[in-house]
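See structure below.
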Protein chains: 2
Amino acid sequence: MEITTYLNDQRQRVEDRLAALMLDPVGDFAKHIEAMRYSLFVGGKRIRPILCLAAAEAVNSDAAVRQRALPVACALECIHTYSLIHDDLPAMDDDDLRRGKPTNHTVFGEAAAILAGDGLLTFAFDLLSSPVSAAVADPARIRIIQTVARAAGPLGMVGGQSLDMIYEGQQVGYETLRSIHRSKTGALITASVTCGAIVAGASVEQEDALKTYGDHIGLAFQIVDDLLDVEATTEQLGKPAGSDVKSDKVTYPSLFGKDISRTMAREAVQEALAALAVFDRQADPLRALANFIVDRKK
Amino acid sequence: MEITTYLNDQRQRVEDRLAALMLDPVGDFAKHIEAMRYSLFVGGKRIRPILCLAAAEAVNSDAAVRQRALPVACALECIHTYSLIHDDLPAMDDDDLRRGKPTNHTVFGEAAAILAGDGLLTFAFDLLSSPVSAAVADPARIRIIQTVARAAGPLGMVGGQSLDMIYEGQQVGYETLRSIHRSKTGALITASVTCGAIVAGASVEQEDALKTYGDHIGLAFQIVDDLLDVEATTEQLGKPAGSDVKSDKVTYPSLFGKDISRTMAREAVQEALAALAVFDRQADPLRALANFIVDRKK
């Protein structure tokens with residue numbers, strides 16, 4: 001399959017639905033909503049929502065299922081965007097550039113950026129519980145909300161960001177690096193495919209296979225992120241290249257060198273593909289996504 | 001009824017359940033969890049969770065119903081605590097004292113405080129969707145999650161805080177003041193009673209009555225907050241007294257004077273009590289709470 005076309009189509013689907021679901025910047029809260037919208041619509045690969053849609057498709061190729069997964073996919077992107085806004089804050093990574101544009105706080109100020117992140121995080125749970133996602137049966141919705149809350153919470157993404165802050169500039173070992181990545185990046189990626197699986201009514205076996213897939217591509221994604229930070233340019237990345245070296249961060253390339261890191265990423269993708277063996281051709285987009293994640297240039 | 005005893009009993013119930021539900025500060029994320037726990041267990045009136053429990057009790061006095069409402073009540077307190085942590089940040093109100101203790105960021109640093117708030121907000125939705133609240137039927141849980149997400153979100157509490165920041169130091173009129181309060185403080189208070197109503201299986205009429213009650217005590221609560229800021233001491237409040245005047249904030253006393261403000265608070269309480277006419281003696285705790293809110297000294 002042609003992954004570029006697939007990604008573009010799915011990204012457009014996500015963008016269109018996000019635009020329809022997101023609040024309009026009118027009324028009393030216009031400025032707050034404007035700050036939320038800025039980061040949400042400034043661009044981005046939309047990997048997490050696309051993973052959600054592709055996982056749903058792997059389980060059930062009925063177009064109605066993918067349609068049902070869309071609001072869930074949008075909620076995942078809201079959570080991812082909130083995490084970027086807060087990670088970029090002066091008190092955190094203090095970054096000026098994200099997705100090729102000035103970061104939220106450089107445009108709207110620190111207070112508004114913190115609140116834009118808070119707003120997007122809360123809005124994600126609004127989407128998951130509102131009539132827009134009512135096509136998903138209530139027990140499945142509860143499981144989805146639980147999956148997202150766990151993945152984004154203190155033992156997941158937020159916890160991971162806190163570890164990242166705590167260990168900044170320290171020479172941590174592989175175990176710690178793995179733990180940071182698993183929580184900070186991996187948890188939401190795995191949750192994205194898991195949510196797609198739940199929407200589509202996956203069997204326990206299918207859901208487990210997709211979680212394994214998610215864990216491995218999460219790892220591959222992070223290793224490639226680390227590699228791109230040393231190999232790509234700021235222009236390519238849309239965020240400052242070389243920032244890991246600058247902030248003295250332990251990364252896969254700093255621990256293992258670039259060649260071994262790339263091999264590890266490829267191995268993780270192989271493991272991810274192996275986990276998909278229980279699926280037929282309907283999982284081809286997930287297979288192509290795994291390869292895309294390791295071959296991407298930004 | 002003896003409101004002090006009632007409040008103490010309910011507060012203890014909430015504290016005990018919060019202690020049981022909250023994550024322990026062990027493992028990889030111990031420091032992050034410690035920061036969350038600090039603000040959650042530093043004290044506080046626990047008004048919102050108690051309102052949730054009392055609203056459930058007004059609808060159905062069965063002890064099992066109140067038991068079912070407890071995890072929901074705890075989630076509301078997590079959200080309230082997150083909002084205090086973020087409001088106190090240097091980029092926001094820059095306060096050093098809260099609930100009589102140093103604010104989260106003065107103890108743990110700014111990054112950890114932002115993340116502690118994020119963690120508590122996310123953990124609230126974890127509680128609402130986790131097995132600990134499974135005694136509430138799924139459709140009711142979805143409605144509760146929706147109610148909380150809306151109340152805390154961009155058109156509710158976060159939006160209200162953003163208005164508060166935008167209008168800081170500006171001489172806004174009554175309309176704007178009302179809009180800030182309704183969203184920043186009122187929305188979560190109304191949501192607290194609404195959630196209690198939903199847990200207890202309230203009729204539409206009962207739920208509407210409780211929402212009206214919530215709207216009016218939310219207003220009374222805010223007016224009294226403004227009055228206490230000018231009338232009480234820092235020691236009494238556990239947070240800096242006179243901070244509204246210091247930051248040139250428009251308040252009820254600054255717009256209407258203290259006497260009229262107090263009359264407005266009492267009128268709001270009367271409206272709140274009138275809304276409870278559809279309930280029998282089981283709503284007495286809610287009645288006592290309304291009076292407590294306007295008579296409180298901190």
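Going through the structure tokens in order, the chains are called A, B, and so on, while each chain numbers its residues from 1 and the ligands are numbered from 1 in the order shown.
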
TODO: Do a neighbour search on Leu210 in chain A at 8 Å with only C-alpha atoms, toss out local chain neighbours closer than 4 positions, and write the hits as a list in words.
DONE: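 The residues that qualify are Ala55, Thr190, Val193, Thr194, Ala197, Gln206, Gly214, Ala275 and Leu276 of chain A.
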
Task: Residue with smallest distance to Ile260 in chain B - pool B:Leu51, B:Ala140, B:Leu237, B:Leu227, counting only C-alpha atoms - done: B:Leu227

Open item on the list: Just checking: using only C-alpha atoms, which residue out of B:Tyr213, B:Tyr174, B:Tyr167, B:Phe29 ends up closest to Ser192 in chain B?
Closed with: B:Tyr213

TODO: Find the residues around His181 in chain A up to 12 Å (only C-alpha atoms counted), leave out those fewer than 3 positions away in its own chain, and share them as an MDAnalysis selection string.
DONE: chainID A and resid 156:164 174:178 184:189 215:223 225:226 250:252

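Contact shell of Pro131 in chain A at 10 Å (only C-alpha atoms; same-chain neighbours under 3 positions omitted): Asp126, Leu127, Leu128, Ala134, Ala135 and Val136 of chain A; Ile142, Arg143 and Gln146 of chain B.
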
What would the file look like if the residues just selected were written as a PDB file, in the first residue's frame with N, CA and C atoms?
```pdb
ATOM      1  N   ASP A 126     -13.996  15.732  27.536  1.00  0.00           N
ATOM      2  CA  ASP A 126     -15.306  16.207  27.100  1.00  0.00           C
ATOM      3  C   ASP A 126     -15.703  15.450  25.834  1.00  0.00           C
ATOM      4  N   LEU A 127     -14.812  15.412  24.847  1.00  0.00           N
ATOM      5  CA  LEU A 127     -15.104  14.708  23.596  1.00  0.00           C
ATOM      6  C   LEU A 127     -15.447  13.241  23.837  1.00  0.00           C
ATOM      7  N   LEU A 128     -14.675  12.604  24.715  1.00  0.00           N
ATOM      8  CA  LEU A 128     -14.855  11.164  24.944  1.00  0.00           C
ATOM      9  C   LEU A 128     -16.176  10.841  25.647  1.00  0.00           C
ATOM     10  N   ALA A 134     -21.068   9.225  21.080  1.00  0.00           N
ATOM     11  CA  ALA A 134     -22.103   8.329  21.608  1.00  0.00           C
ATOM     12  C   ALA A 134     -22.326   7.097  20.733  1.00  0.00           C
ATOM     13  N   ALA A 135     -21.757   7.090  19.521  1.00  0.00           N
ATOM     14  CA  ALA A 135     -21.909   5.894  18.677  1.00  0.00           C
ATOM     15  C   ALA A 135     -21.119   4.722  19.249  1.00  0.00           C
ATOM     16  N   VAL A 136     -20.181   5.013  20.137  1.00  0.00           N
ATOM     17  CA  VAL A 136     -19.461   3.952  20.849  1.00  0.00           C
ATOM     18  C   VAL A 136     -20.312   3.579  22.074  1.00  0.00           C
TER      19      VAL A 136
ATOM     20  N   ILE B 142     -20.906   8.071  32.314  1.00  0.00           N
ATOM     21  CA  ILE B 142     -20.621   8.905  31.134  1.00  0.00           C
ATOM     22  C   ILE B 142     -21.162  10.318  31.369  1.00  0.00           C
ATOM     23  N   ARG B 143     -22.367  10.410  31.901  1.00  0.00           N
ATOM     24  CA  ARG B 143     -22.946  11.739  32.161  1.00  0.00           C
ATOM     25  C   ARG B 143     -22.120  12.489  33.203  1.00  0.00           C
ATOM     26  N   GLN B 146     -18.939  13.685  31.566  1.00  0.00           N
ATOM     27  CA  GLN B 146     -19.288  14.820  30.714  1.00  0.00           C
ATOM     28  C   GLN B 146     -19.535  16.082  31.544  1.00  0.00           C
TER      29      GLN B 146
END
```

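Excluding Leu155 in chain B itself and same-chain residues fewer than 5 positions from it, the residues having an atom within 10 Å of it are Leu23, Gly27, Asp28, Phe29, Ala30, His32, Ile33, Gly119 and Phe123 of chain A; Ala149, Arg150, Gly160, Ser183, Lys184 and Ala187 of chain B, counting only C-alpha atoms.
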
- [ ] Among the residues of range 96-213 of chain B, find those DSSP assigns to strand (DSSP E or B) from the backbone and print them as a VMD selection string.
- [x] chain B and resid 97 to 98 101 to 102

Task: Selection near range 245-247 of chain B, 10 Å with only C-alpha atoms, sequence-local residues under 4 positions removed, as number ranges by chain - done: B: 93, 168-170, 226, 229-230, 241, 251, 254
